[in-house]
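*Asks:* What follows is a single structure, and I will ask about it in a moment.
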Amino acid sequence: MIPKDLINLKSQEALQFIVDGIDAIIYIIDIENYEILYANKHCLEQFGSIVGKTCYSVLQKDKKQPCDYCDLLDNKYPKEVGSTYKWEHQNTLNNKHYIFSDKITLINDRKVKVQIGINITKQKELETKILEQKTKNIETFEALSNSTIEGLIIYDENKKCISTNSVAPELFGYKAQEMIGKNAFEFIAYESINHIKNVINNQNQEPYESIMLRKDGSKFPAILRGRDIQLEGKNIRVSAVMDITKIKEKEEEILQLAYFDSLTTLPNRTLLEDRASRLINKNNRNKNYGALMFIDLDNFKNINDTKGHIVGDKILVECAKNLSKTIRKYDTVARFGGDEFVVLIDTQHVDKNSAVKSIRTVANNILRRISQPLTIKNVEYQLTASIGISIFNDNITFDELMKRADSAMYHSKDKGKNSFSFFDPKLQKEIERKTIIAEKLRGAIKNNKIKIHYQKQLNQNQKVVGVEALLRWTDKTLGYVSPVEFIAIAEESDLILKLGNYVIEESIKLISSWEKDKIKKDWKISINISIKQFEKDNFAKIIEKHIYQYNIVPNKLRLEFTESLLLKNTEKTLEKINYLKKLGLTFSIDDFGTGYSSLSYLKKLPIDELKIDKSFIDDILTDENDETIVLAILEIGNKFGFEVIAEGVETKEMYEKLLTLGCKYFQGYYFAKPIPEKEL
């Protein structure tokens with residue numbers, strides 16, 4: 001029985017009934033010797049016969065002295081009568097989690113500690129489940145369990161409050177006496193009343209969630225646990241309330257991570273897809289037109305590479321702000337990833353022409369807004385964007401909509417960037433083919449399916465002086481793929497680096513193998529070098545490594561560059577070419593006359609050869625302008641001491657014409673087609 005001095009109630013038997021009916025362990029400990037003086041029924045059921053024994057020996061596993069964390073240890077906590085403590089603990093005997101409320105009091109002039117422990121194991125499991133289900137980014141809710149405190153309220157059969165513990169008034173903002181006599185539903189928010197009525201009517205004893213109402217009208221979410229018991233023939237209900245506001249706040253944070261971009265705070269792909277699906281369904285019913293704009297910042301990678309990701313991120317944040325200012329309140333702007341944004345537009349027009357006009361206005365506003373200068377760390381940046389647009393008013397999937405807008409965006413890139421394009425089905429087929437070729441090309445490179453053919457180069461006496469290494473590829477499914485097509489696709493990715501390095505090494509190996517060949521030992525091999533390949537820091541070192549590895553005469557290797565490469569970052573280009581020249585390599589300017597020809601770089605760079613582009617040779621027999629251009633190139637070659645070779649010579653007449661103009665070197669189908677090395 002509970003000592004009469006513990007709580008002054010009229011009915012000690014009734015109190016005993018309440019205490020035994022509460023789903024909590026309650027026990028009283030002598031402060032001086034740690035003896036357990038009293039334990040309620042629930043405590044005895046959990047830990048057995050413990051009264052009269054020291055708490056640490058019967059409530060914990062393998063303990064022979066007071067626990068390190070015990071608040072009764074000297075100087076750990078004040079022990080004045082009336083002192084209270086709240087703490088959490090996982091019991092080492094039954095592994096259950098408890099939240100304890102302790103109070104120091106006197107019983108028969110004996111200073112004791114009254115300890116009430118509420119089992120919160122299920123809440124702990126719920127917290128863990130929420131964490132596992134909501135996110136992988138947050139491993140635990142920090143110290144959440146330390147902030148969970150239950151308020152205890154006892155209601156009579158008329159649902160009137162007849163008693164509370166000290167926590168309940170704190171949770172609800174009342175003084176303890178103010179809660180007495182109030183109806184249970186006065187503590188419940190309106191939206192949860194029906195749910196709680198069903199719980200009570202069904203005599204549900206399991207924990208459940210509810211929205212609670214404080215005295216000041218504010219609300220908080222809680223987990224409730226109730227027990228119906230009988231007291232002196234009357235039904236009463238003991239209700240435990242746990243504030244889960246912090247858990248809910250964490251859920252909101254998780255939702256923020258799940259649906260919004262962490263850098264720009266814009267909706268992310270997940271939320272965009274949800275909103276797009278809703279708009280698609282809506283417009284499919286009312287036949288209004290919507291549009292999805294895929295926005296890619298032009299050349300943004302250069303900013304990240306040269307200025308760093310911190311500056312890049314700041315620019316992305318500013319772009320996000322500018323885009324948000326551009327759209328209407330019922331439209332959506334989302335960050336799709338990297339430097340890509342998506343704008344979802346509800347035109348609210350049934351007429352397609354009106355819808356397109358509205359979309360064009362938005363697109364132009366976006367381009368104008370993005371092109372406004374941004375100042376980051378006292379440096380001004382001016383951006384442009386390429387936009388692809390897909391319009392819809394029928395049933396279409398989000399993925400298909402994105403696919404169409406993406407292909408239209410690439411069309412804008414091809415047009416020169418800083419523009420927008422609407423989706424075109426023909427364009428989509430081209431994009432799909434490029435995608436297929438890129439995928440198969442990657443596999444072909446990996447499996448050595450790309451072959452090198454060689455086209456002979458001859459002098460005016462039709463003596464072979466060298467060959468040009470040319471890539472050829474035949475796929476089982478696609479058949480023969482033109483190098484014009486697959487090399488352009490390779491240059492859009494890093495595949496061109498693998499192809500380029502492959503050609504360099506194979507050509508050097510071939511030169512080495514010809515050293516003992518009486519005819520081929522004097523041949524040069526010309527190889528084409530891409531801008532992306534040349535700009536790599538280790539480009540020259542790779543060539544140097546192979547030259548020494550295969551022990552060749554370096555001037556047998558001729559590198560062909562385009563004029564656009566030579567004009568790009570001239571100082572670095574000159575430095576790298578001079579380094580290679582010192583190794584002994586020779587250089588040719590490919591497609592000379594088709595780019596931005598400049599005599600100034602011809603003076604600076606150690607060029608050995610000019611190659612006249614095929615476009616000037618094709619009509620040389622009939623077009624005086626082409627003849628004039630060829631003569632000019634030959635004259636430049638003579639003045640600077642360069643060899644000049646004409647490519648694309650396909651007939652005897654072309655050859656003879658070029659001879660009369662003074663050309664001394666030739667390449668083309670009239671002499672030889674590109675063939676495998678074994679057939680040379």
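Residues are referred to by chain and number: the chain letter is A, B, ... according to the order shown in the structure tokens, the number counts from 1 in that chain, and ligands are numbered separately from 1 in the order shown.
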Excluding segment 413-429 of chain A and residues on its chain fewer than 6 positions from it, collect all residues at most 12 Å away from it, counting only C-alpha atoms, and give them as a PyMOL selection string.

*Replies:* chain A and resi 291-299+356+359-371+382-392+400-407+435-436+492

*Asks:* Give me the residues near Ile542 of chain A as a list of chain:residue names, where near means some atom within 12 Å (using only C-alpha atoms) and where sequence neighbours in that chain fewer than 2 positions away do not count.

*Replies:*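 Result of the neighbour search: A:Leu497, A:Gly500, A:Asn501, A:Tyr502, A:Val503, A:Ile504, A:Glu505, A:Ile508, A:Gln533, A:Phe534, A:Lys536, A:Asp537, A:Asn538, A:Phe539, A:Ala540, A:Glu544, A:Lys545, A:His546, A:Ile547, A:Tyr548, A:Gln549, A:Leu580.
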
*Asks:* Taking a cut-off of 9 Å and counting only C-alpha atoms, can you build a table that, for each residue of segment 255-276 of chain A near segment 320-323 of chain A, reports the nearest atom pair and how far apart they are in Å (one decimal), sorted by chain then residue number, as CSV?

*Replies:*
```
residue,atom,partner,partner_atom,distance
A:Thr264,CA,A:Ala320,CA,6.3
A:Thr265,CA,A:Ala320,CA,8.7
A:Leu266,CA,A:Ala320,CA,7.3
```

*Asks:* List the spatial neighbours of segment 628-636 of chain A as an MDAnalysis selection string - criterion: any atom at most 10 Å away, only C-alpha atoms, same-chain residues fewer than 2 positions off excluded.

*Replies:* chainID A and resid 592:593 599 602 610:613 616:617 620 623:626 638:646 658 661:664

*Asks:* Do you know which residues are at most 9 Å from Tyr454 of chain A counting only C-alpha atoms, after dropping those on the same chain fewer than 4 positions away, and could you put them as a list of chain:residue names?

*Replies:*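 My reading of the contact set: A:Val467, A:Glu468, A:Ala469, A:Leu470, A:Leu471, A:Ile525, A:Lys673, A:Pro674, A:Ile675, A:Pro676, A:Glu677, A:Leu680.
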
*Asks:* Include N, CA and C atoms and write out the residues we just selected as a compact mmCIF listing (two decimals), in the first residue's frame.

*Replies:*
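Okay, out-v8.txt is ready:
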```txt
# COMPACT_ATOMS: atom_id res chain seq x y z
N VAL A 467 50.76 9.45 -95.31
CA VAL A 467 49.35 9.04 -95.23
C VAL A 467 48.66 9.86 -94.14
N GLU A 468 47.36 9.96 -94.25
CA GLU A 468 46.57 10.56 -93.17
C GLU A 468 45.78 9.47 -92.48
N ALA A 469 45.85 9.43 -91.14
CA ALA A 469 45.12 8.44 -90.35
C ALA A 469 43.67 8.90 -90.20
N LEU A 470 42.73 8.06 -90.61
CA LEU A 470 41.31 8.40 -90.60
C LEU A 470 40.53 7.28 -89.90
N LEU A 471 39.62 7.67 -89.02
CA LEU A 471 38.84 6.69 -88.26
C LEU A 471 37.67 6.17 -89.08
N ILE A 525 53.03 10.28 -91.19
CA ILE A 525 51.62 10.00 -90.85
C ILE A 525 51.03 11.28 -90.26
N LYS A 673 41.79 5.62 -101.97
CA LYS A 673 40.79 5.74 -100.91
C LYS A 673 41.44 5.36 -99.57
N PRO A 674 40.85 5.76 -98.48
CA PRO A 674 41.35 5.31 -97.17
C PRO A 674 41.24 3.79 -97.07
N ILE A 675 42.31 3.12 -96.69
CA ILE A 675 42.32 1.66 -96.60
C ILE A 675 43.03 1.22 -95.32
N PRO A 676 42.80 -0.04 -94.89
CA PRO A 676 43.50 -0.54 -93.71
C PRO A 676 45.01 -0.58 -93.95
N GLU A 677 45.77 -0.55 -92.88
CA GLU A 677 47.23 -0.50 -92.97
C GLU A 677 47.80 -1.69 -93.75
N LEU A 680 48.10 -1.10 -97.54
CA LEU A 680 48.91 0.00 -98.09
C LEU A 680 50.01 -0.52 -99.01
```

*Asks:* Which value, in Å to one decimal, gives the distance between atom CA of Val114 of chain A and atom CA of Glu178 of chain A?

*Replies:*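 Between atom CA of Val114 of chain A and atom CA of Glu178 of chain A the gap works out to 25.0 Å.
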
*Asks:* What is the atom CA of Leu605 of chain A to atom CA of Ile529 of chain A distance in Å?

*Replies:*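 If I compute the distance from atom CA of Leu605 of chain A to atom CA of Ile529 of chain A, I get 16.1 Å.
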
*Asks:* Determine which residues of segment 388-578 of chain A receive a DSSP assignment of strand (DSSP E), computed from the backbone, and state them as a ChimeraX atom specification.

*Replies:* /A:388-392,419-422,451-459,464-475,479-481,524-528,557-562

*Asks:* To one decimal place, how far is atom CA of Trp514 of chain A from atom CA of Thr586 of chain A in Å?

*Replies:*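 Interatomic distance, atom CA of Trp514 of chain A to atom CA of Thr586 of chain A: 18.2 Å.
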
*Asks:* When you count only C-alpha atoms, which of these residues is closest to Asn235 of chain A: A:Ile193, A:Ile247, A:Ile154, A:Ile254?

*Replies:* A:Ile154

*Asks:* For a quick check of understanding, using only C-alpha atoms, which of A:Asn447, A:Thr54, A:Asn551, A:Ser507 has the smallest distance to Gly466 of chain A?

*Replies:* A:Ser507

*Asks:* Could you pull out the alpha helix (DSSP H) residues of segment 387-458 of chain A, going by DSSP on the backbone, and write them as a VMD selection string?

*Replies:* chain A and resid 398 to 414 425 to 446
